[in-house]
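One structure is given here, and the rest of the page talks about it.
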Number of protein chains: 2
Amino acid sequence: MLFRDVTILNEYFEVEEHRYVGTRGSRIAYIGAEEPAEDYGRVVEGKGRLLMSAFFNAHGHSPMTLLRGYGENMLLQDWLNKKIFPFEDKLNGRAVYWGTLLNMAEGLKFGIVSHSDMYFFVDDMVEAVVTAGCKANISRAIAHFDDSDPWQSPRFKEVKRTFTAYDGIEEGRIRIDTGIHAEYTATPVAVKAISEFAAEHDAIMHIHISETKKEHEECKARHGKTPVQFFRDLGAFDTKVLAAHCVWLEDEDYEILKERGASVAVNTASNMKLASGSANVPRFLKEGINVAIGTDSVASNNSLNFFEEMKLFALLPKLTFGDPTAVTPRETLYAATRGGALAQGRTNTGLLKEGFDADLILLDISGPNMYPVYDMLTNLVYSMSGSDVVMTVADGVVLYENGEYRDIDVEKTAYEVKRSVDYILSQL
Amino acid sequence: MLFRDVTILNEYFEVEEHRYVGTRGSRIAYIGAEEPAEDYGRVVEGKGRLLMSAFFNAHGHSPMTLLRGYGENMLLQDWLNKKIFPFEDKLNGRAVYWGTLLNMAEGLKFGIVSHSDMYFFVDDMVEAVVTAGCKANISRAIAHFDDSDPWQSPRFKEVKRTFTAYDGIEEGRIRIDTGIHAEYTATPVAVKAISEFAAEHDAIMHIHISETKKEHEECKARHGKTPVQFFRDLGAFDTKVLAAHCVWLEDEDYEILKERGASVAVNTASNMKLASGSANVPRFLKEGINVAIGTDSVASNNSLNFFEEMKLFALLPKLTFGDPTAVTPRETLYAATRGGALAQGRTNTGLLKEGFDADLILLDISGPNMYPVYDMLTNLVYSMSGSDVVMTVADGVVLYENGEYRDIDVEKTAYEVKRSVDYILSQL
């Protein structure tokens, strides 16, 4: 594929106009100011368009798309106990398949090419991601409430089985991470066991950490240490950690994340909607911790609109910390692309760079909301609308273009989601 | 025009499917479950679409579109003194015309049919709104720094002249409001003079009130009272007030706004971006004060994406006041439509209701982000993307449809904006 005469956001997050970008197989083969002599196949005209790395959603629960808008305007505990948990208790694999597929369709519409995804029914999630053609790091959400041997539990067995079955399939588009749901849903014996497995297999460890003040304080009351310290002491940080939320960290926690090379997934919309708090993004950046952006599930967002998520990521810290200079557009775009790719251990993508994976989005920058242009990065973060993504490409393959999907029938998927939801509701 | 078999948000903010909506001239002539016998002209198919009232943007400064992204990541005072004010000092009428026209194009794209707009070069603003075909309540931003007779100043003369020339033209689509920029830019003699004029002419008074803590506290130090009390004591509330921001109000201020039937324009994105604070929307709602939604200028937003603005309006109070039940989707949609129309004194619009002005938007609700549907209002506020507005109608006339404008050439407008900006920058 050749993008002709297109504006690009290059690997240094600088904007260049009138560029030619060629892809060959799954890779970016050429970026230059000259039209290349070689034939790259299909030619895509770049007038009024900007080409950049696609987005990497660093924290979500795809199948919860089934629960978008289910039980709104409720207090968190009521919402979980009266709505979410009873619903999840009745879930089945087919419902998860269709919910995940709808989630992937929405992700592609908003330029997300890869998801860090924690849930259950991993086989069905994998099947949906393969159908969609995009990428995901999937972890089986582990909970373990007693001191029994974790490896005897079906959940832990599923971790081992799915890791063996799926890690690295589809030319690496599917990865299996390990994961612990959170401190309050895991006993130390379980954390230790999964941490050893992760370190041995060099698997990423995906954990909810210090999302709410309640969780953070209860952990300290229970263990005499913060969640980050609790996990560190049990070996979780002996592998690469993807720490979701991190709203209520304390000084030593930042040190640990930094020292251990962990990544943080910031979920601004969800943290606002559930009244959880405001993550200290300026501090993550100052400490040099890798920061990525997550949507969390659409049950608490309620969308995967990554432009909206970027804007919130940049705006909320300005308000919270009383500093309009906090979190620049460049830092935001980096977190949404390269920061997310690194958080997923995908080192060869997240930048528009020759030799890197062709994980790309093409944006319509010709709308009235994108003028004038003093600084295109500012316009991209604050002024762009999510639906102005015109094409999403994974490993060189066009998965989404102008509302059409290579492999997803949205109408059918929405119908099957409704059927699945109606069935589950009838069981409650 | 007849919308056939369409989903609607009716005047009670309930969703009804399979409805027929006919417009005749500038009005909504028919809403029903049956296909009408009469011929309404063009038929618009409603499958996968939702029809509702268009949005009323209750606070903005349209020509500042010229300044989108100019001087980012700066402290407020630096930004104003080093960037905004010097630029504004070099403005000219043609620049204002093109900036306003670009703003109207963006507004139509995001479903905004009418703007409460405060700035200067009112003649050129009027001309642009007339070109675009939409509606606006325009006020000349008044500042007056001494005790001289205000009516001898060119600014006050312009208020009188433009009120006479333009109030109510274009079948009422153009209205001239009065306005005072803010307490810190007006002496009591000026506030008194403009208040008398407003009361006499039954004109709306548009004022920035208690946007920042600094403004609020300095007013108290200067006058021994809050901005709301300062304006009340000088007669500003003897007419209908549209109070923009209202972030730092005190108990008595809420009472005054309520008693005097004032409207509040909440500007969440701008308040976050400039680190101004978080308006107490739950309290406005509880007190029964009319609440509307504003974008503020795109210099501090930086877009007119009203779906984004609605989401922020609903999310930020949940976080600020620690209550995920605060501000419902219904309250949000009401503020964005009917609340805004009332804030503009446009009593015959802002609802999908027979006999009301046909100020309408048609939304694409068939995207993957809009499924499943437990509650359509929730999906509209949290899950919809701004660019999924497919048609915007003012007084029965289609001004925008699928990226095309009846009367605005976006490419030419963007070019003229760039020319104007380059010229102004060359003067600095």
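By order of appearance in the structure tokens: chains A, B, ..., then residues from 1 within every chain, and ligands from 1 in the order shown.
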Interface rows for chain A against chain B: nearest pair, Å to one decimal, 6 Å, only C-alpha atoms, as JSON lines:
{"residue": "A:Gly69", "atom": "CA", "partner": "B:Tyr374", "partner_atom": "CA", "distance": 5.9}
{"residue": "A:Tyr70", "atom": "CA", "partner": "B:Tyr374", "partner_atom": "CA", "distance": 6.0}
{"residue": "A:Asn73", "atom": "CA", "partner": "B:Thr325", "partner_atom": "CA", "distance": 4.1}
{"residue": "A:Met74", "atom": "CA", "partner": "B:Thr325", "partner_atom": "CA", "distance": 5.3}
{"residue": "A:Leu75", "atom": "CA", "partner": "B:Pro324", "partner_atom": "CA", "distance": 5.8}
{"residue": "A:Glu106", "atom": "CA", "partner": "B:Pro368", "partner_atom": "CA", "distance": 5.1}
{"residue": "A:Met272", "atom": "CA", "partner": "B:Leu319", "partner_atom": "CA", "distance": 4.9}
{"residue": "A:Lys273", "atom": "CA", "partner": "B:Leu315", "partner_atom": "CA", "distance": 5.3}
{"residue": "A:Leu274", "atom": "CA", "partner": "B:Pro324", "partner_atom": "CA", "distance": 5.4}
{"residue": "A:Ala275", "atom": "CA", "partner": "B:Leu319", "partner_atom": "CA", "distance": 4.1}
{"residue": "A:Asn302", "atom": "CA", "partner": "B:Ser383", "partner_atom": "CA", "distance": 5.3}
{"residue": "A:Ser303", "atom": "CA", "partner": "B:Ser383", "partner_atom": "CA", "distance": 4.8}
{"residue": "A:Leu315", "atom": "CA", "partner": "B:Lys273", "partner_atom": "CA", "distance": 5.3}
{"residue": "A:Lys318", "atom": "CA", "partner": "B:Ala275", "partner_atom": "CA", "distance": 5.4}
{"residue": "A:Leu319", "atom": "CA", "partner": "B:Ala275", "partner_atom": "CA", "distance": 4.1}
{"residue": "A:Gly322", "atom": "CA", "partner": "B:Ala275", "partner_atom": "CA", "distance": 5.2}
{"residue": "A:Pro324", "atom": "CA", "partner": "B:Leu274", "partner_atom": "CA", "distance": 5.3}
{"residue": "A:Thr325", "atom": "CA", "partner": "B:Asn73", "partner_atom": "CA", "distance": 4.1}
{"residue": "A:Pro368", "atom": "CA", "partner": "B:Glu106", "partner_atom": "CA", "distance": 5.1}
{"residue": "A:Asn369", "atom": "CA", "partner": "B:Glu106", "partner_atom": "CA", "distance": 5.5}
{"residue": "A:Tyr374", "atom": "CA", "partner": "B:Gly69", "partner_atom": "CA", "distance": 5.9}
{"residue": "A:Tyr382", "atom": "CA", "partner": "B:Asn302", "partner_atom": "CA", "distance": 5.4}
{"residue": "A:Ser383", "atom": "CA", "partner": "B:Ser303", "partner_atom": "CA", "distance": 4.8}
{"residue": "A:Ser387", "atom": "CA", "partner": "B:Ser387", "partner_atom": "CA", "distance": 5.4}
Who sits within 10 Å of Met125 of chain A, only C-alpha atoms, same chain under 5 positions skipped, as an MDAnalysis selection string: chainID A and resid 62:63 93:94 96:101 117:120 130:131 136 138
May I have the residues from that selection written out with N, CA, C and O atoms, as a compact mmCIF listing (two decimals), in the first residue's frame?
# COMPACT_ATOMS: atom_id res chain seq x y z
N SER A 62 -13.03 -6.12 27.25
CA SER A 62 -13.84 -6.07 26.04
C SER A 62 -15.24 -6.65 26.16
O SER A 62 -16.21 -6.04 25.70
N PRO A 63 -15.38 -7.84 26.76
CA PRO A 63 -16.73 -8.44 26.75
C PRO A 63 -17.75 -7.60 27.53
O PRO A 63 -18.96 -7.77 27.33
N GLY A 93 -19.89 -18.31 26.84
CA GLY A 93 -18.84 -18.08 25.85
C GLY A 93 -19.32 -17.36 24.61
O GLY A 93 -18.62 -16.49 24.07
N ARG A 94 -20.51 -17.70 24.12
CA ARG A 94 -21.02 -17.05 22.91
C ARG A 94 -21.27 -15.56 23.15
O ARG A 94 -20.98 -14.72 22.31
N VAL A 96 -19.71 -13.71 25.25
CA VAL A 96 -18.39 -13.09 25.32
C VAL A 96 -17.82 -12.89 23.92
O VAL A 96 -17.24 -11.84 23.60
N TYR A 97 -17.99 -13.89 23.06
CA TYR A 97 -17.51 -13.76 21.68
C TYR A 97 -18.13 -12.53 21.00
O TYR A 97 -17.42 -11.68 20.46
N TRP A 98 -19.45 -12.41 21.06
CA TRP A 98 -20.10 -11.31 20.35
C TRP A 98 -19.82 -9.97 21.02
O TRP A 98 -19.62 -8.95 20.34
N GLY A 99 -19.76 -9.95 22.33
CA GLY A 99 -19.42 -8.71 23.04
C GLY A 99 -18.02 -8.23 22.69
O GLY A 99 -17.79 -7.05 22.44
N THR A 100 -17.07 -9.19 22.65
CA THR A 100 -15.69 -8.83 22.30
C THR A 100 -15.61 -8.35 20.86
O THR A 100 -14.91 -7.37 20.55
N LEU A 101 -16.35 -9.00 19.96
CA LEU A 101 -16.30 -8.60 18.55
C LEU A 101 -16.85 -7.18 18.37
O LEU A 101 -16.28 -6.37 17.62
N ASP A 117 -6.38 -6.50 27.60
CA ASP A 117 -7.75 -6.91 27.85
C ASP A 117 -7.80 -7.97 28.94
O ASP A 117 -7.20 -9.04 28.82
N MET A 118 -8.50 -7.67 30.02
CA MET A 118 -8.57 -8.61 31.15
C MET A 118 -10.02 -9.04 31.38
O MET A 118 -10.88 -8.20 31.62
N TYR A 119 -10.27 -10.35 31.27
CA TYR A 119 -11.62 -10.84 31.53
C TYR A 119 -11.57 -12.36 31.62
O TYR A 119 -10.52 -12.92 31.97
N PHE A 120 -12.70 -13.02 31.32
CA PHE A 120 -12.69 -14.48 31.32
C PHE A 120 -13.39 -14.99 30.08
O PHE A 120 -13.85 -14.21 29.28
N VAL A 130 -9.28 -12.61 16.67
CA VAL A 130 -8.81 -13.19 15.41
C VAL A 130 -9.77 -12.84 14.28
O VAL A 130 -9.36 -12.45 13.18
N THR A 131 -11.06 -12.92 14.55
CA THR A 131 -12.06 -12.54 13.54
C THR A 131 -11.88 -11.09 13.11
O THR A 131 -11.89 -10.77 11.91
N ALA A 136 -4.38 -8.09 20.48
CA ALA A 136 -4.76 -7.98 21.89
C ALA A 136 -3.79 -8.73 22.77
O ALA A 136 -3.25 -9.78 22.38
N ILE A 138 -4.31 -10.52 26.07
CA ILE A 138 -5.45 -10.96 26.87
C ILE A 138 -4.97 -11.63 28.14
O ILE A 138 -4.09 -12.49 28.12
All alpha helix (DSSP H) residues (DSSP, backbone) inside segment 145-279 of chain A, as a PyMOL selection string: chain A and resi 154-166+188-201+213-223+227-233+251-259+268-273
Within 10 Å of Glu183 of chain A using only C-alpha atoms, minus same-chain residues under 5 positions, as a PyMOL selection string: chain A and resi 143+188+191+207-210+215-216+218-219+226-228+230-231
Nearest-residue call for Ile180 of chain B, choices B:Leu9, B:Val397, B:Val159, B:Met391, using only C-alpha atoms: B:Val159
Strand (DSSP E) positions in segment 13-164 of chain A, given as a ChimeraX atom specification: /A:15-24,27-32,43-45,49-53,55-60,112-119,135-140
Those same residues, written as a CSV table (one decimal), in the first residue's frame with N, CA and C atoms?
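selection_14.csv was written with the following content:
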chain,number,residue,atom,x,y,z
A,15,VAL,N,5.3,16.8,12.8
A,15,VAL,CA,4.4,16.8,11.7
A,15,VAL,C,5.2,17.1,10.4
A,16,GLU,N,5.1,16.3,9.4
A,16,GLU,CA,5.7,16.5,8.1
A,16,GLU,C,4.6,16.4,7.0
A,17,GLU,N,4.6,17.4,6.1
A,17,GLU,CA,3.6,17.4,5.0
A,17,GLU,C,4.2,16.8,3.8
A,18,HIS,N,3.3,16.4,2.9
A,18,HIS,CA,3.7,15.9,1.5
A,18,HIS,C,4.7,14.7,1.6
A,19,ARG,N,4.3,13.7,2.4
A,19,ARG,CA,5.2,12.5,2.5
A,19,ARG,C,4.6,11.3,1.8
A,20,TYR,N,5.4,10.4,1.5
A,20,TYR,CA,5.0,9.1,0.9
A,20,TYR,C,5.3,8.0,1.9
A,21,VAL,N,4.3,7.2,2.2
A,21,VAL,CA,4.6,6.1,3.1
A,21,VAL,C,4.1,4.8,2.4
A,22,GLY,N,5.1,3.8,2.3
A,22,GLY,CA,4.7,2.5,1.7
A,22,GLY,C,4.8,1.4,2.7
A,23,THR,N,3.8,0.5,2.6
A,23,THR,CA,3.9,-0.7,3.5
A,23,THR,C,4.1,-1.9,2.6
A,24,ARG,N,4.8,-2.9,3.1
A,24,ARG,CA,5.1,-4.1,2.4
A,24,ARG,C,4.8,-5.2,3.4
A,27,ARG,N,4.8,-4.7,7.4
A,27,ARG,CA,5.7,-3.6,7.9
A,27,ARG,C,5.6,-2.3,7.1
A,28,ILE,N,6.1,-1.3,7.8
A,28,ILE,CA,6.3,0.0,7.1
A,28,ILE,C,7.6,-0.1,6.4
A,29,ALA,N,7.6,0.0,5.0
A,29,ALA,CA,8.8,-0.2,4.2
A,29,ALA,C,9.5,1.1,3.8
A,30,TYR,N,8.7,2.1,3.7
A,30,TYR,CA,9.3,3.4,3.1
A,30,TYR,C,8.5,4.6,3.7
A,31,ILE,N,9.3,5.6,4.1
A,31,ILE,CA,8.8,6.9,4.5
A,31,ILE,C,9.7,7.9,3.9
A,32,GLY,N,9.2,8.8,3.1
A,32,GLY,CA,10.1,9.8,2.4
A,32,GLY,C,9.3,10.9,1.8
A,43,VAL,N,-2.8,2.5,-4.0
A,43,VAL,CA,-2.4,3.9,-3.7
A,43,VAL,C,-3.6,4.6,-3.0
A,44,VAL,N,-3.3,5.2,-1.8
A,44,VAL,CA,-4.2,5.9,-1.1
A,44,VAL,C,-3.9,7.4,-1.1
A,45,GLU,N,-4.8,8.2,-1.6
A,45,GLU,CA,-4.5,9.6,-1.7
A,45,GLU,C,-4.5,10.3,-0.3
A,49,ARG,N,-5.5,14.5,4.7
A,49,ARG,CA,-5.4,13.3,5.6
A,49,ARG,C,-4.1,13.4,6.4
A,50,LEU,N,-4.1,12.8,7.6
A,50,LEU,CA,-2.9,12.6,8.4
A,50,LEU,C,-2.7,11.2,8.7
A,51,LEU,N,-1.5,10.7,8.5
A,51,LEU,CA,-1.2,9.3,8.8
A,51,LEU,C,-0.3,9.2,10.1
A,52,MET,N,-0.7,8.4,11.0
A,52,MET,CA,0.1,8.2,12.2
A,52,MET,C,0.0,6.8,12.8
A,53,SER,N,0.7,6.5,13.8
A,53,SER,CA,0.6,5.2,14.5
A,53,SER,C,-0.9,5.1,15.0
A,55,PHE,N,-3.7,3.5,17.7
A,55,PHE,CA,-3.7,3.6,19.2
A,55,PHE,C,-3.6,2.2,19.9
A,56,PHE,N,-3.0,2.2,21.0
A,56,PHE,CA,-2.9,1.0,21.8
A,56,PHE,C,-3.6,1.3,23.1
A,57,ASN,N,-4.8,0.6,23.3
A,57,ASN,CA,-5.6,0.8,24.5
A,57,ASN,C,-5.0,-0.1,25.6
A,58,ALA,N,-4.5,0.5,26.6
A,58,ALA,CA,-3.7,-0.2,27.6
A,58,ALA,C,-4.5,-0.8,28.7
A,59,HIS,N,-5.8,-0.6,28.8
A,59,HIS,CA,-6.6,-1.2,29.8
A,59,HIS,C,-8.1,-1.3,29.4
A,60,GLY,N,-8.6,-2.5,29.4
A,60,GLY,CA,-10.0,-2.7,29.1
A,60,GLY,C,-10.5,-4.1,29.4
A,112,ILE,N,-8.2,2.2,17.4
A,112,ILE,CA,-7.5,1.4,18.3
A,112,ILE,C,-7.1,0.1,17.6
A,113,VAL,N,-5.8,-0.3,17.6
A,113,VAL,CA,-5.4,-1.5,16.9
A,113,VAL,C,-5.1,-2.6,17.8
A,114,SER,N,-4.9,-2.3,19.1
A,114,SER,CA,-4.5,-3.3,20.0
A,114,SER,C,-5.0,-3.0,21.4
A,115,HIS,N,-5.4,-4.1,22.1
A,115,HIS,CA,-6.1,-3.9,23.4
A,115,HIS,C,-5.4,-4.7,24.5
A,116,SER,N,-5.1,-4.1,25.7
A,116,SER,CA,-4.8,-4.9,26.9
A,116,SER,C,-6.1,-5.2,27.6
A,117,ASP,N,-6.4,-6.5,27.6
A,117,ASP,CA,-7.8,-6.9,27.8
A,117,ASP,C,-7.8,-8.0,28.9
A,118,MET,N,-8.5,-7.7,30.0
A,118,MET,CA,-8.6,-8.6,31.1
A,118,MET,C,-10.0,-9.0,31.4
A,119,TYR,N,-10.3,-10.3,31.3
A,119,TYR,CA,-11.6,-10.8,31.5
A,119,TYR,C,-11.6,-12.4,31.6
A,135,LYS,N,-5.2,-6.7,17.3
A,135,LYS,CA,-4.2,-7.3,18.2
A,135,LYS,C,-4.8,-7.2,19.6
A,136,ALA,N,-4.4,-8.1,20.5
A,136,ALA,CA,-4.8,-8.0,21.9
A,136,ALA,C,-3.8,-8.7,22.8
A,137,ASN,N,-3.6,-8.2,23.9
A,137,ASN,CA,-2.9,-8.9,25.0
A,137,ASN,C,-4.0,-9.2,26.0
A,138,ILE,N,-4.3,-10.5,26.1
A,138,ILE,CA,-5.4,-11.0,26.9
A,138,ILE,C,-5.0,-11.6,28.1
A,139,SER,N,-5.6,-11.2,29.3
A,139,SER,CA,-5.2,-11.9,30.5
A,139,SER,C,-6.5,-12.4,31.1
A,140,ARG,N,-6.4,-13.6,31.7
A,140,ARG,CA,-7.5,-14.2,32.4
A,140,ARG,C,-7.6,-13.5,33.8
Gap from atom CA of Phe3 of chain A to atom CA of Ala341 of chain A - Å, one decimal: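 Rounded to one decimal, the two atoms are 22.9 Å apart.
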